[in-house]
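What follows is coords17.pdb (PDB, C-alpha atoms).
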ATOM      1  CA  MET A   1    -202.817-141.658  73.183
ATOM      2  CA  ASP A   2    -200.310-144.377  73.961
ATOM      3  CA  VAL A   3    -197.723-143.866  71.231
ATOM      4  CA  SER A   4    -194.978-146.468  71.212
ATOM      5  CA  GLY A   5    -191.365-145.787  70.342
ATOM      6  CA  LEU A   6    -191.806-147.860  67.205
ATOM      7  CA  VAL A   7    -194.631-145.604  65.982
ATOM      8  CA  TRP A   8    -192.536-142.516  66.721
ATOM      9  CA  ALA A   9    -189.588-143.985  64.824
ATOM     10  CA  GLY A  10    -191.725-145.015  61.850
ATOM     11  CA  THR A  11    -193.334-141.581  61.659
ATOM     12  CA  LEU A  12    -189.984-139.787  61.790
ATOM     13  CA  VAL A  13    -188.505-142.042  59.107
ATOM     14  CA  ALA A  14    -191.508-141.579  56.794
ATOM     15  CA  LEU A  15    -191.616-137.789  57.193
ATOM     16  CA  THR A  16    -187.850-137.503  56.763
ATOM     17  CA  ALA A  17    -188.077-139.560  53.562
ATOM     18  CA  VAL A  18    -190.736-137.217  52.139
ATOM     19  CA  LEU A  19    -188.608-134.162  52.927
ATOM     20  CA  PHE A  20    -185.493-135.842  51.510
ATOM     21  CA  VAL A  21    -187.230-136.605  48.200
ATOM     22  CA  ASP A  22    -188.492-133.023  48.099
ATOM     23  CA  LEU A  23    -184.944-131.749  48.663
ATOM     24  CA  LEU A  24    -183.552-134.003  45.925
ATOM     25  CA  ILE A  25    -186.095-132.716  43.408
ATOM     26  CA  ILE A  26    -185.224-129.110  44.159
ATOM     27  CA  GLY A  27    -181.474-129.779  44.256
ATOM     28  CA  ARG A  28    -181.495-131.337  40.788
ATOM     29  CA  ARG A  29    -183.484-128.564  39.135
ATOM     30  CA  PRO A  30    -183.699-125.225  40.973
ATOM     31  CA  HIS A  31    -186.537-123.236  39.425
ATOM     32  CA  GLU A  32    -189.498-121.020  40.161
ATOM     33  CA  PRO A  33    -192.515-123.359  40.276
ATOM     34  CA  SER A  34    -195.563-122.586  38.185
ATOM     35  CA  VAL A  35    -199.007-122.091  39.695
ATOM     36  CA  ARG A  36    -199.981-125.577  38.504
ATOM     37  CA  GLU A  37    -196.909-127.200  40.057
ATOM     38  CA  SER A  38    -197.397-125.329  43.336
ATOM     39  CA  SER A  39    -201.097-126.258  43.404
ATOM     40  CA  LEU A  40    -200.307-129.937  42.912
ATOM     41  CA  TRP A  41    -197.712-129.937  45.700
ATOM     42  CA  VAL A  42    -200.009-128.062  48.102
ATOM     43  CA  ALA A  43    -202.812-130.517  47.295
ATOM     44  CA  PHE A  44    -200.377-133.403  47.879
ATOM     45  CA  TYR A  45    -199.311-132.180  51.326
ATOM     46  CA  VAL A  46    -202.860-131.259  52.366
ATOM     47  CA  GLY A  47    -204.028-134.686  51.208
ATOM     48  CA  LEU A  48    -201.178-136.287  53.135
ATOM     49  CA  ALA A  49    -202.252-134.460  56.308
ATOM     50  CA  LEU A  50    -205.894-135.472  55.802
ATOM     51  CA  LEU A  51    -204.835-139.071  55.235
ATOM     52  CA  PHE A  52    -202.686-139.034  58.354
ATOM     53  CA  GLY A  53    -205.613-137.665  60.355
ATOM     54  CA  ALA A  54    -207.783-140.484  59.025
ATOM     55  CA  GLY A  55    -205.150-142.946  60.233
ATOM     56  CA  VAL A  56    -205.221-141.331  63.682
ATOM     57  CA  TRP A  57    -209.027-141.668  63.638
ATOM     58  CA  LEU A  58    -208.848-145.383  62.861
ATOM     59  CA  THR A  59    -206.164-146.157  65.434
ATOM     60  CA  ALA A  60    -206.850-143.699  68.267
ATOM     61  CA  GLY A  61    -210.437-142.529  67.818
ATOM     62  CA  ALA A  62    -212.349-139.480  66.638
ATOM     63  CA  SER A  63    -211.269-137.281  69.551
ATOM     64  CA  SER A  64    -207.552-137.645  68.771
ATOM     65  CA  ALA A  65    -208.205-137.140  65.052
ATOM     66  CA  GLY A  66    -210.182-133.980  65.822
ATOM     67  CA  GLN A  67    -207.287-132.690  67.905
ATOM     68  CA  PHE A  68    -204.844-133.378  65.073
ATOM     69  CA  TYR A  69    -206.998-131.690  62.424
ATOM     70  CA  THR A  70    -207.655-128.649  64.627
ATOM     71  CA  GLY A  71    -203.994-128.363  65.594
ATOM     72  CA  TRP A  72    -202.847-128.774  61.986
ATOM     73  CA  LEU A  73    -205.297-126.140  60.743
ATOM     74  CA  THR A  74    -204.183-123.733  63.470
ATOM     75  CA  GLU A  75    -200.497-124.265  62.711
ATOM     76  CA  TYR A  76    -201.090-124.019  58.961
ATOM     77  CA  SER A  77    -202.987-120.740  59.269
ATOM     78  CA  LEU A  78    -200.361-119.280  61.603
ATOM     79  CA  SER A  79    -197.670-120.430  59.157
ATOM     80  CA  VAL A  80    -199.356-118.403  56.409
ATOM     81  CA  ASP A  81    -198.559-115.371  58.542
ATOM     82  CA  ASN A  82    -194.892-116.409  58.327
ATOM     83  CA  LEU A  83    -195.065-116.012  54.556
ATOM     84  CA  PHE A  84    -195.365-112.240  54.867
ATOM     85  CA  VAL A  85    -191.979-112.150  56.614
ATOM     86  CA  PHE A  86    -190.493-114.680  54.173
ATOM     87  CA  VAL A  87    -191.421-112.366  51.285
ATOM     88  CA  ILE A  88    -189.682-109.481  53.065
ATOM     89  CA  ILE A  89    -186.553-111.572  53.734
ATOM     90  CA  MET A  90    -186.312-112.695  50.100
ATOM     91  CA  ALA A  91    -186.644-109.097  48.916
ATOM     92  CA  ARG A  92    -184.197-107.761  51.510
ATOM     93  CA  PHE A  93    -181.449-110.206  50.477
ATOM     94  CA  GLY A  94    -182.294-110.101  46.767
ATOM     95  CA  VAL A  95    -182.695-113.877  46.434
ATOM     96  CA  PRO A  96    -183.292-114.831  42.763
ATOM     97  CA  ARG A  97    -186.680-116.512  42.285
ATOM     98  CA  PRO A  98    -185.247-119.850  41.008
ATOM     99  CA  TYR A  99    -183.256-120.241  44.248
ATOM    100  CA  GLN A 100    -186.066-119.413  46.670
ATOM    101  CA  GLN A 101    -187.409-122.978  46.778
ATOM    102  CA  LYS A 102    -184.122-124.291  48.147
ATOM    103  CA  VAL A 103    -183.900-121.492  50.707
ATOM    104  CA  LEU A 104    -187.405-122.171  51.959
ATOM    105  CA  LEU A 105    -187.028-125.938  52.170
ATOM    106  CA  ILE A 106    -183.734-125.926  54.074
ATOM    107  CA  GLY A 107    -184.965-123.091  56.295
ATOM    108  CA  ILE A 108    -188.106-125.080  57.071
ATOM    109  CA  VAL A 109    -186.077-128.210  57.880
ATOM    110  CA  LEU A 110    -184.024-126.157  60.345
ATOM    111  CA  ALA A 111    -187.243-124.772  61.828
ATOM    112  CA  LEU A 112    -188.644-128.291  62.266
ATOM    113  CA  VAL A 113    -185.562-129.387  64.193
ATOM    114  CA  MET A 114    -185.747-126.335  66.462
ATOM    115  CA  ARG A 115    -189.501-126.688  66.940
ATOM    116  CA  GLY A 116    -188.962-130.282  68.003
ATOM    117  CA  GLY A 117    -186.942-128.981  70.933
ATOM    118  CA  PHE A 118    -189.656-126.453  71.798
ATOM    119  CA  ILE A 119    -192.343-129.145  71.729
ATOM    120  CA  ALA A 120    -190.323-131.464  73.967
ATOM    121  CA  ALA A 121    -189.740-128.654  76.464
ATOM    122  CA  GLY A 122    -193.406-127.626  76.404
ATOM    123  CA  ALA A 123    -194.614-131.198  76.919
ATOM    124  CA  ALA A 124    -192.231-131.646  79.862
ATOM    125  CA  LEU A 125    -193.429-128.411  81.478
ATOM    126  CA  ILE A 126    -197.110-129.304  81.059
ATOM    127  CA  SER A 127    -196.642-132.806  82.491
ATOM    128  CA  GLN A 128    -194.984-131.371  85.602
ATOM    129  CA  PHE A 129    -196.760-128.053  86.110
ATOM    130  CA  SER A 130    -200.406-127.645  85.063
ATOM    131  CA  TRP A 131    -200.274-123.964  86.024
ATOM    132  CA  VAL A 132    -198.076-123.311  82.967
ATOM    133  CA  PHE A 133    -201.380-123.021  81.048
ATOM    134  CA  TYR A 134    -201.916-119.687  82.798
ATOM    135  CA  ILE A 135    -198.640-118.433  81.310
ATOM    136  CA  PHE A 136    -199.342-119.842  77.844
ATOM    137  CA  GLY A 137    -202.858-118.412  77.844
ATOM    138  CA  ALA A 138    -201.785-114.953  79.009
ATOM    139  CA  PHE A 139    -198.974-114.885  76.433
ATOM    140  CA  LEU A 140    -201.349-115.807  73.587
ATOM    141  CA  ILE A 141    -203.850-113.134  74.619
ATOM    142  CA  TYR A 142    -201.023-110.576  74.785
ATOM    143  CA  THR A 143    -199.784-111.691  71.341
ATOM    144  CA  ALA A 144    -203.315-111.490  69.922
ATOM    145  CA  VAL A 145    -203.719-107.896  71.115
ATOM    146  CA  ASN A 146    -200.351-106.892  69.630
ATOM    147  CA  LEU A 147    -201.123-108.607  66.319
ATOM    148  CA  ALA A 148    -204.487-106.861  66.066
ATOM    149  CA  ARG A 149    -202.824-103.501  66.738
ATOM    150  CA  GLN A 150    -199.817-103.858  64.453
ATOM    151  CA  GLY A 151    -201.236-105.876  61.546
ATOM    152  CA  GLU A 152    -198.906-107.564  59.073
ATOM    153  CA  PRO A 153    -195.238-106.458  59.061
ATOM    154  CA  ASP A 154    -193.863-104.468  56.156
ATOM    155  CA  GLU A 155    -190.311-104.225  54.896
ATOM    156  CA  ASP A 156    -189.538-101.083  56.915
ATOM    157  CA  GLU A 157    -190.505-102.848  60.167
ATOM    158  CA  PHE A 158    -188.344-105.928  59.564
ATOM    159  CA  SER A 159    -185.112-105.893  61.553
ATOM    160  CA  GLU A 160    -182.353-108.487  61.462
ATOM    161  CA  ASN A 161    -181.992-110.505  64.645
ATOM    162  CA  LEU A 162    -178.768-110.905  66.615
ATOM    163  CA  LEU A 163    -177.721-114.164  64.919
ATOM    164  CA  ILE A 164    -178.112-112.696  61.426
ATOM    165  CA  ARG A 165    -176.109-109.588  62.337
ATOM    166  CA  TRP A 166    -173.363-111.717  63.900
ATOM    167  CA  SER A 167    -173.225-113.971  60.832
ATOM    168  CA  ARG A 168    -172.842-110.970  58.542
ATOM    169  CA  ARG A 169    -169.905-109.663  60.582
ATOM    170  CA  ALA A 170    -168.124-112.892  61.488
ATOM    171  CA  LEU A 171    -168.462-115.018  58.350
ATOM    172  CA  PRO A 172    -166.700-114.380  55.035
ATOM    173  CA  ILE A 173    -169.613-113.811  52.637
ATOM    174  CA  SER A 174    -169.420-113.569  48.857
ATOM    175  CA  LYS A 175    -171.419-111.075  46.831
ATOM    176  CA  GLY A 176    -173.084-113.541  44.450
ATOM    177  CA  TYR A 177    -175.258-116.613  45.036
ATOM    178  CA  ASP A 178    -173.273-118.857  42.629
ATOM    179  CA  ASP A 179    -176.154-121.163  41.606
ATOM    180  CA  ALA A 180    -177.544-121.367  45.151
ATOM    181  CA  LYS A 181    -174.436-123.067  46.551
ATOM    182  CA  MET A 182    -173.553-122.716  50.215
ATOM    183  CA  THR A 183    -169.910-121.930  49.506
ATOM    184  CA  THR A 184    -167.951-120.568  46.583
ATOM    185  CA  HIS A 185    -164.396-119.592  45.605
ATOM    186  CA  GLU A 186    -163.401-115.975  45.026
ATOM    187  CA  ASN A 187    -159.779-114.978  44.411
ATOM    188  CA  GLY A 188    -158.533-118.283  45.787
ATOM    189  CA  ARG A 189    -160.569-118.016  49.002
ATOM    190  CA  ARG A 190    -163.498-120.215  50.052
ATOM    191  CA  LEU A 191    -166.413-118.021  51.065
ATOM    192  CA  PHE A 192    -169.968-118.591  52.187
ATOM    193  CA  THR A 193    -172.618-117.326  49.799
ATOM    194  CA  PRO A 194    -175.519-115.138  50.965
ATOM    195  CA  MET A 195    -177.627-118.327  50.847
ATOM    196  CA  LEU A 196    -176.337-119.213  54.304
ATOM    197  CA  ILE A 197    -177.470-115.886  55.783
ATOM    198  CA  VAL A 198    -180.882-116.155  54.138
ATOM    199  CA  MET A 199    -181.380-119.688  55.501
ATOM    200  CA  ILE A 200    -180.418-118.505  58.973
ATOM    201  CA  ALA A 201    -182.927-115.669  58.623
ATOM    202  CA  ILE A 202    -185.730-118.022  57.530
ATOM    203  CA  GLY A 203    -185.015-120.602  60.229
ATOM    204  CA  THR A 204    -184.644-118.173  63.123
ATOM    205  CA  THR A 205    -187.639-116.106  62.042
ATOM    206  CA  ASP A 206    -189.798-119.222  62.042
ATOM    207  CA  LEU A 207    -188.448-120.089  65.482
ATOM    208  CA  ILE A 208    -189.654-116.704  66.737
ATOM    209  CA  PHE A 209    -193.084-117.435  65.265
ATOM    210  CA  ALA A 210    -193.016-120.774  67.105
ATOM    211  CA  LEU A 211    -193.190-118.840  70.379
ATOM    212  CA  ASP A 212    -196.815-118.151  69.430
ATOM    213  CA  SER A 213    -197.769-121.302  67.571
ATOM    214  CA  ILE A 214    -196.415-123.920  70.000
ATOM    215  CA  PRO A 215    -198.403-122.610  73.010
ATOM    216  CA  ALA A 216    -201.409-122.277  70.682
ATOM    217  CA  ILE A 217    -201.415-125.926  69.676
ATOM    218  CA  PHE A 218    -200.869-127.034  73.284
ATOM    219  CA  GLY A 219    -204.150-125.238  73.925
ATOM    220  CA  ILE A 220    -205.768-127.732  71.550
ATOM    221  CA  THR A 221    -203.970-130.957  72.459
ATOM    222  CA  GLN A 222    -201.373-131.908  75.043
ATOM    223  CA  GLU A 223    -200.367-135.071  73.162
ATOM    224  CA  PRO A 224    -196.740-134.505  72.014
ATOM    225  CA  TYR A 225    -197.156-136.865  69.048
ATOM    226  CA  LEU A 226    -200.104-134.869  67.678
ATOM    227  CA  VAL A 227    -198.388-131.547  68.406
ATOM    228  CA  PHE A 228    -195.271-132.604  66.527
ATOM    229  CA  THR A 229    -196.988-134.164  63.511
ATOM    230  CA  ALA A 230    -199.381-131.208  63.156
ATOM    231  CA  ASN A 231    -196.371-128.874  63.054
ATOM    232  CA  VAL A 232    -194.549-131.029  60.513
ATOM    233  CA  PHE A 233    -197.512-131.263  58.126
ATOM    234  CA  ALA A 234    -198.178-127.525  58.444
ATOM    235  CA  LEU A 235    -194.594-126.603  57.592
ATOM    236  CA  MET A 236    -194.074-129.213  54.859
ATOM    237  CA  GLY A 237    -196.600-127.559  52.558
ATOM    238  CA  LEU A 238    -195.469-124.033  53.380
ATOM    239  CA  ARG A 239    -192.866-123.749  50.616
ATOM    240  CA  GLN A 240    -195.328-124.510  47.830
ATOM    241  CA  LEU A 241    -197.948-122.281  49.434
ATOM    242  CA  TYR A 242    -195.438-119.414  49.289
ATOM    243  CA  PHE A 243    -195.327-119.618  45.492
ATOM    244  CA  LEU A 244    -199.016-120.455  45.076
ATOM    245  CA  LEU A 245    -200.279-117.441  46.978
ATOM    246  CA  GLY A 246    -197.708-115.082  45.470
ATOM    247  CA  GLY A 247    -199.279-111.644  45.123
ATOM    248  CA  LEU A 248    -202.415-112.839  46.918
ATOM    249  CA  LEU A 249    -200.663-112.243  50.243
ATOM    250  CA  ASP A 250    -200.973-108.499  49.716
ATOM    251  CA  ARG A 251    -204.728-108.924  49.348
ATOM    252  CA  LEU A 252    -205.202-110.786  52.649
ATOM    253  CA  ILE A 253    -205.400-107.514  54.540
ATOM    254  CA  TYR A 254    -207.591-108.835  57.357
ATOM    255  CA  LEU A 255    -205.682-112.064  57.935
ATOM    256  CA  SER A 256    -203.791-110.631  60.895
ATOM    257  CA  TYR A 257    -207.075-109.750  62.605
ATOM    258  CA  GLY A 258    -208.413-113.246  61.987
ATOM    259  CA  LEU A 259    -205.259-114.802  63.420
ATOM    260  CA  ALA A 260    -205.474-112.424  66.388
ATOM    261  CA  VAL A 261    -208.987-113.706  67.104
ATOM    262  CA  VAL A 262    -207.774-117.321  66.823
ATOM    263  CA  LEU A 263    -204.850-116.721  69.195
ATOM    264  CA  GLY A 264    -207.077-114.819  71.617
ATOM    265  CA  PHE A 265    -209.669-117.603  71.577
ATOM    266  CA  ILE A 266    -207.061-120.292  72.272
ATOM    267  CA  GLY A 267    -205.501-118.109  74.975
ATOM    268  CA  VAL A 268    -208.870-117.800  76.743
ATOM    269  CA  LYS A 269    -209.405-121.553  76.304
ATOM    270  CA  LEU A 270    -206.056-122.250  77.990
ATOM    271  CA  VAL A 271    -206.845-119.966  80.930
ATOM    272  CA  LEU A 272    -210.254-121.607  81.403
ATOM    273  CA  GLU A 273    -208.661-125.068  81.367
ATOM    274  CA  ALA A 274    -206.059-123.894  83.869
ATOM    275  CA  LEU A 275    -208.852-122.622  86.135
ATOM    276  CA  ALA A 276    -210.765-125.904  85.818
ATOM    277  CA  ASP A 277    -207.638-127.839  86.904
ATOM    278  CA  ASN A 278    -206.350-125.158  89.274
ATOM    279  CA  ASN A 279    -204.053-126.108  92.133
ATOM    280  CA  LEU A 280    -202.434-122.730  92.804
ATOM    281  CA  PRO A 281    -203.080-121.794  96.458
ATOM    282  CA  PHE A 282    -203.677-118.086  95.777
ATOM    283  CA  ILE A 283    -206.473-118.798  93.239
ATOM    284  CA  ASN A 284    -209.749-120.032  94.733
ATOM    285  CA  GLY A 285    -207.891-121.401  97.725
ATOM    286  CA  GLY A 286    -206.042-123.939  95.595
ATOM    287  CA  LYS A 287    -209.283-125.622  94.502
ATOM    288  CA  HIS A 288    -210.676-126.217  91.022
ATOM    289  CA  VAL A 289    -212.865-123.433  89.686
ATOM    290  CA  ALA A 290    -216.226-125.109  89.102
ATOM    291  CA  TRP A 291    -217.661-122.520  86.718
ATOM    292  CA  ALA A 292    -214.751-122.696  84.242
ATOM    293  CA  PRO A 293    -216.130-124.535  81.182
ATOM    294  CA  HIS A 294    -214.297-127.041  79.016
ATOM    295  CA  ILE A 295    -214.404-125.936  75.376
ATOM    296  CA  PRO A 296    -214.880-129.061  73.210
ATOM    297  CA  ILE A 297    -212.597-129.689  70.249
ATOM    298  CA  TRP A 298    -215.467-129.443  67.733
ATOM    299  CA  LEU A 299    -216.252-125.928  68.921
ATOM    300  CA  SER A 300    -212.578-124.932  68.683
ATOM    301  CA  LEU A 301    -212.448-126.249  65.111
ATOM    302  CA  LEU A 302    -215.657-124.395  64.222
ATOM    303  CA  VAL A 303    -214.385-121.094  65.663
ATOM    304  CA  ILE A 304    -211.015-121.384  63.896
ATOM    305  CA  LEU A 305    -212.532-122.316  60.530
ATOM    306  CA  GLY A 306    -215.226-119.637  60.775
ATOM    307  CA  THR A 307    -212.801-116.898  61.811
ATOM    308  CA  LEU A 308    -210.270-117.648  59.070
ATOM    309  CA  GLY A 309    -213.026-117.991  56.465
ATOM    310  CA  ILE A 310    -214.578-114.650  57.385
ATOM    311  CA  ALA A 311    -211.162-112.912  57.445
ATOM    312  CA  THR A 312    -210.232-114.329  54.023
ATOM    313  CA  ILE A 313    -213.548-113.471  52.353
ATOM    314  CA  ALA A 314    -213.605-109.981  53.866
ATOM    315  CA  SER A 315    -210.008-109.390  52.709
ATOM    316  CA  LEU A 316    -210.729-110.445  49.126
ATOM    317  CA  VAL A 317    -213.934-108.384  48.977
ATOM    318  CA  LYS A 318    -212.129-105.305  50.324
ATOM    319  CA  SER A 319    -209.216-105.773  47.903
ATOM    320  CA  ALA A 320    -211.603-106.140  44.948
ATOM    321  CA  ARG A 321    -213.407-102.937  45.922
ATOM    322  CA  ASP A 322    -210.153-101.013  46.275
ATOM    323  CA  ARG A 323    -208.977-102.274  42.888
ATOM    324  CA  ARG A 324    -212.219-101.176  41.215
ATOM    325  CA  ARG A 325    -211.890 -97.739  42.796
ATOM    326  CA  GLU A 326    -208.293 -97.432  41.558
ATOM    327  CA  LEU A 327    -209.343 -98.385  38.040
ATOM    328  CA  ALA A 328    -212.239 -95.932  38.143
ATOM    329  CA  GLY A 329    -209.914 -93.173  39.365
ATOM    330  CA  ALA A 330    -207.380 -93.932  36.631
ATOM    331  CA  ARG A 331    -210.040 -93.652  33.926
ATOM    332  CA  ARG A 332    -211.015 -90.203  35.147
TER
END

If you took the structure in this file and wrote it as structure tokens, what would it be?
Amino acid sequence: MDVSGLVWAGTLVALTAVLFVDLLIIGRRPHEPSVRESSLWVAFYVGLALLFGAGVWLTAGASSAGQFYTGWLTEYSLSVDNLFVFVIIMARFGVPRPYQQKVLLIGIVLALVMRGGFIAAGAALISQFSWVFYIFGAFLIYTAVNLARQGEPDEDEFSENLLIRWSRRALPISKGYDDAKMTTHENGRRLFTPMLIVMIAIGTTDLIFALDSIPAIFGITQEPYLVFTANVFALMGLRQLYFLLGGLLDRLIYLSYGLAVVLGFIGVKLVLEALADNNLPFINGGKHVAWAPHIPIWLSLLVILGTLGIATIASLVKSARDRRRELAGARR
């Protein structure tokens, strides 16, 4: 794709405007959204992503649109995994439900800014060193194995990172949230509210998740414009998805295994592409590896959709069975 600076600027302005309107709505009326409200917002953002992909199809062709859709689906599914940690963070800091929308939105905005830096760095590395695919692929395979072994994190496994611990010690923090404000007055002193710490936790936690998701999407497309927009659309609908799924997250018991398969598949795909374009002297004498296949984008999309679908259905079936057994045991 040949993306001009004008297109980049227009895209950034449009996406920023959407986020700004979203922030204004939440700022005027902090509340816990209903299932209907969350469903409408999720449908809006999903529709927006589908519409954007259609625009890519019309202007850049089916191949670029397929890359966007596959990258967006991958990022969106990996972002669902973030929700497990978000739930733990909200519980750990005792964030009242009406204030959680604001926390999530500002945390996601921070994550988008930080991910932008990651994407720029990744694109620069790939343009200069094709062998970086070996590193990305190996890291994704390693992450997939760890995810399959550990499963989803629980509250006992969550530990505060260095920035959160430093913020707790160094910043004057109030005890109450004071209507979700960032600062408040107590005994004549201006203090930060716990909202600041929670936002730092959300933003930095998502940045840690980006270590997996950014290499994953570069395994699907190396076009920075598609990588960035796929990340933005995936994260923009994450806040509403958090409230829509609610207790359903606990029922997605096999999601981690599905995501492990997706990460492993993309990791293998990256290694194969690195072999096909190999120029490292200690691998095949610095020549391309002829047998390494190129995995087409349609096959990647099919594998990702199929894996996530199977993991979701299997999770819901298993949860329904366990619930019936619990009810049967209670009756006895």

Take the PyMOL selection byres ((chain A and resi 184) around 12), apply it to the structure above, and return the hits as an mmCIF file with C-alpha atoms, in the coordinates of the input.
data_model
loop_
_atom_site.group_PDB
_atom_site.id
_atom_site.type_symbol
_atom_site.label_atom_id
_atom_site.label_comp_id
_atom_site.auth_asym_id
_atom_site.auth_seq_id
_atom_site.Cartn_x
_atom_site.Cartn_y
_atom_site.Cartn_z
ATOM 1 C CA PRO A 172 -166.700 -114.380 55.035
ATOM 2 C CA ILE A 173 -169.613 -113.811 52.637
ATOM 3 C CA SER A 174 -169.420 -113.569 48.857
ATOM 4 C CA LYS A 175 -171.419 -111.075 46.831
ATOM 5 C CA GLY A 176 -173.084 -113.541 44.450
ATOM 6 C CA TYR A 177 -175.258 -116.613 45.036
ATOM 7 C CA ASP A 178 -173.273 -118.857 42.629
ATOM 8 C CA ASP A 179 -176.154 -121.163 41.606
ATOM 9 C CA ALA A 180 -177.544 -121.367 45.151
ATOM 10 C CA LYS A 181 -174.436 -123.067 46.551
ATOM 11 C CA MET A 182 -173.553 -122.716 50.215
ATOM 12 C CA THR A 183 -169.910 -121.930 49.506
ATOM 13 C CA HIS A 185 -164.396 -119.592 45.605
ATOM 14 C CA GLU A 186 -163.401 -115.975 45.026
ATOM 15 C CA ASN A 187 -159.779 -114.978 44.411
ATOM 16 C CA GLY A 188 -158.533 -118.283 45.787
ATOM 17 C CA ARG A 189 -160.569 -118.016 49.002
ATOM 18 C CA ARG A 190 -163.498 -120.215 50.052
ATOM 19 C CA LEU A 191 -166.413 -118.021 51.065
ATOM 20 C CA PHE A 192 -169.968 -118.591 52.187
ATOM 21 C CA THR A 193 -172.618 -117.326 49.799
ATOM 22 C CA PRO A 194 -175.519 -115.138 50.965
ATOM 23 C CA MET A 195 -177.627 -118.327 50.847
ATOM 24 C CA LEU A 196 -176.337 -119.213 54.304
#

Sphere at (-186.0, -120.5, 65.7), radius 12 Å, counting all atoms listed in the file: residues as a compact mmCIF listing (two decimals) with C-alpha atoms, in the coordinates of the input:
# COMPACT_ATOMS: atom_id res chain seq x y z
CA GLY A 107 -184.96 -123.09 56.30
CA ILE A 108 -188.11 -125.08 57.07
CA VAL A 109 -186.08 -128.21 57.88
CA LEU A 110 -184.02 -126.16 60.34
CA ALA A 111 -187.24 -124.77 61.83
CA LEU A 112 -188.64 -128.29 62.27
CA VAL A 113 -185.56 -129.39 64.19
CA MET A 114 -185.75 -126.34 66.46
CA ARG A 115 -189.50 -126.69 66.94
CA GLY A 116 -188.96 -130.28 68.00
CA GLY A 117 -186.94 -128.98 70.93
CA PHE A 118 -189.66 -126.45 71.80
CA ASN A 161 -181.99 -110.50 64.64
CA LEU A 163 -177.72 -114.16 64.92
CA ILE A 164 -178.11 -112.70 61.43
CA MET A 199 -181.38 -119.69 55.50
CA ILE A 200 -180.42 -118.50 58.97
CA ALA A 201 -182.93 -115.67 58.62
CA ILE A 202 -185.73 -118.02 57.53
CA GLY A 203 -185.02 -120.60 60.23
CA THR A 204 -184.64 -118.17 63.12
CA THR A 205 -187.64 -116.11 62.04
CA ASP A 206 -189.80 -119.22 62.04
CA LEU A 207 -188.45 -120.09 65.48
CA ILE A 208 -189.65 -116.70 66.74
CA PHE A 209 -193.08 -117.44 65.26
CA ALA A 210 -193.02 -120.77 67.10
CA LEU A 211 -193.19 -118.84 70.38
CA ASP A 212 -196.82 -118.15 69.43
CA SER A 213 -197.77 -121.30 67.57
CA ILE A 214 -196.42 -123.92 70.00

Exercise. Name every residue that the PyMOL selection byres ((chain A and resi 268) around 12) selects in this structure, writing the answer as a PyMOL selection string with chains first and numbers rising.
Key: chain A and resi 133-142+144+216+219-220+261-267+269-275+292-295+300

Self-check item: Gap from CA of Ile283 in chain A to CA of Val227 in chain A - Å, one decimal
Solution: 29.1 Å

Quiz prompt | Target residues per the PyMOL selection byres ((chain A and resi 74) around 12), formatted as a PyMOL selection string | solution = chain A and resi 67-73+75-81+212-221+227+230-231+233-235+258-263+265-266+300-305+307-308

Exercise. Using all atoms listed in the file, determine which residues lie at most 12 Å from Lys318 in chain A, disregarding the query and same-chain residues fewer than 6 positions distant; provide the list as number ranges by chain.
Key: A: 250-254, 310-312, 324-325

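With distances restricted to only C-alpha atoms, A:Asp2 is the closest residue to Gly61 in chain A from A:Arg92, A:Leu327, A:Asp2, A:Ser39.
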
Please identify all polymer residues within 12 Å of range 54-58 of chain A, counting all atoms listed in the file, omitting same-chain residues fewer than 2 positions from it, and present them as a PDB file with C-alpha atoms, in the coordinates of the input.
ATOM      1  CA  MET A   1    -202.817-141.658  73.183  1.00  0.00           C
ATOM      2  CA  ASP A   2    -200.310-144.377  73.961  1.00  0.00           C
ATOM      3  CA  VAL A   3    -197.723-143.866  71.231  1.00  0.00           C
ATOM      4  CA  VAL A   7    -194.631-145.604  65.982  1.00  0.00           C
ATOM      5  CA  THR A  11    -193.334-141.581  61.659  1.00  0.00           C
ATOM      6  CA  GLY A  47    -204.028-134.686  51.208  1.00  0.00           C
ATOM      7  CA  LEU A  48    -201.178-136.287  53.135  1.00  0.00           C
ATOM      8  CA  ALA A  49    -202.252-134.460  56.308  1.00  0.00           C
ATOM      9  CA  LEU A  50    -205.894-135.472  55.802  1.00  0.00           C
ATOM     10  CA  LEU A  51    -204.835-139.071  55.235  1.00  0.00           C
ATOM     11  CA  PHE A  52    -202.686-139.034  58.354  1.00  0.00           C
ATOM     12  CA  ALA A  60    -206.850-143.699  68.267  1.00  0.00           C
ATOM     13  CA  GLY A  61    -210.437-142.529  67.818  1.00  0.00           C
ATOM     14  CA  ALA A  62    -212.349-139.480  66.638  1.00  0.00           C
ATOM     15  CA  SER A  63    -211.269-137.281  69.551  1.00  0.00           C
ATOM     16  CA  SER A  64    -207.552-137.645  68.771  1.00  0.00           C
ATOM     17  CA  ALA A  65    -208.205-137.140  65.052  1.00  0.00           C
ATOM     18  CA  GLY A  66    -210.182-133.980  65.822  1.00  0.00           C
ATOM     19  CA  GLN A  67    -207.287-132.690  67.905  1.00  0.00           C
ATOM     20  CA  PHE A  68    -204.844-133.378  65.073  1.00  0.00           C
ATOM     21  CA  TYR A  69    -206.998-131.690  62.424  1.00  0.00           C
ATOM     22  CA  TYR A 225    -197.156-136.865  69.048  1.00  0.00           C
ATOM     23  CA  LEU A 226    -200.104-134.869  67.678  1.00  0.00           C
ATOM     24  CA  THR A 229    -196.988-134.164  63.511  1.00  0.00           C
ATOM     25  CA  ALA A 230    -199.381-131.208  63.156  1.00  0.00           C
TER      26      ALA A 230
END

Quiz item: Within 12 Å of (-203.5, -122.2, 93.4), in the coordinates the file gives, what residues turn up when you count all atoms listed in the file, written out as JSON, numbers by chain?
Solution: {"A": [129, 130, 131, 132, 134, 274, 275, 276, 277, 278, 279, 280, 281, 282, 283, 284, 285, 286, 287, 288, 289]}
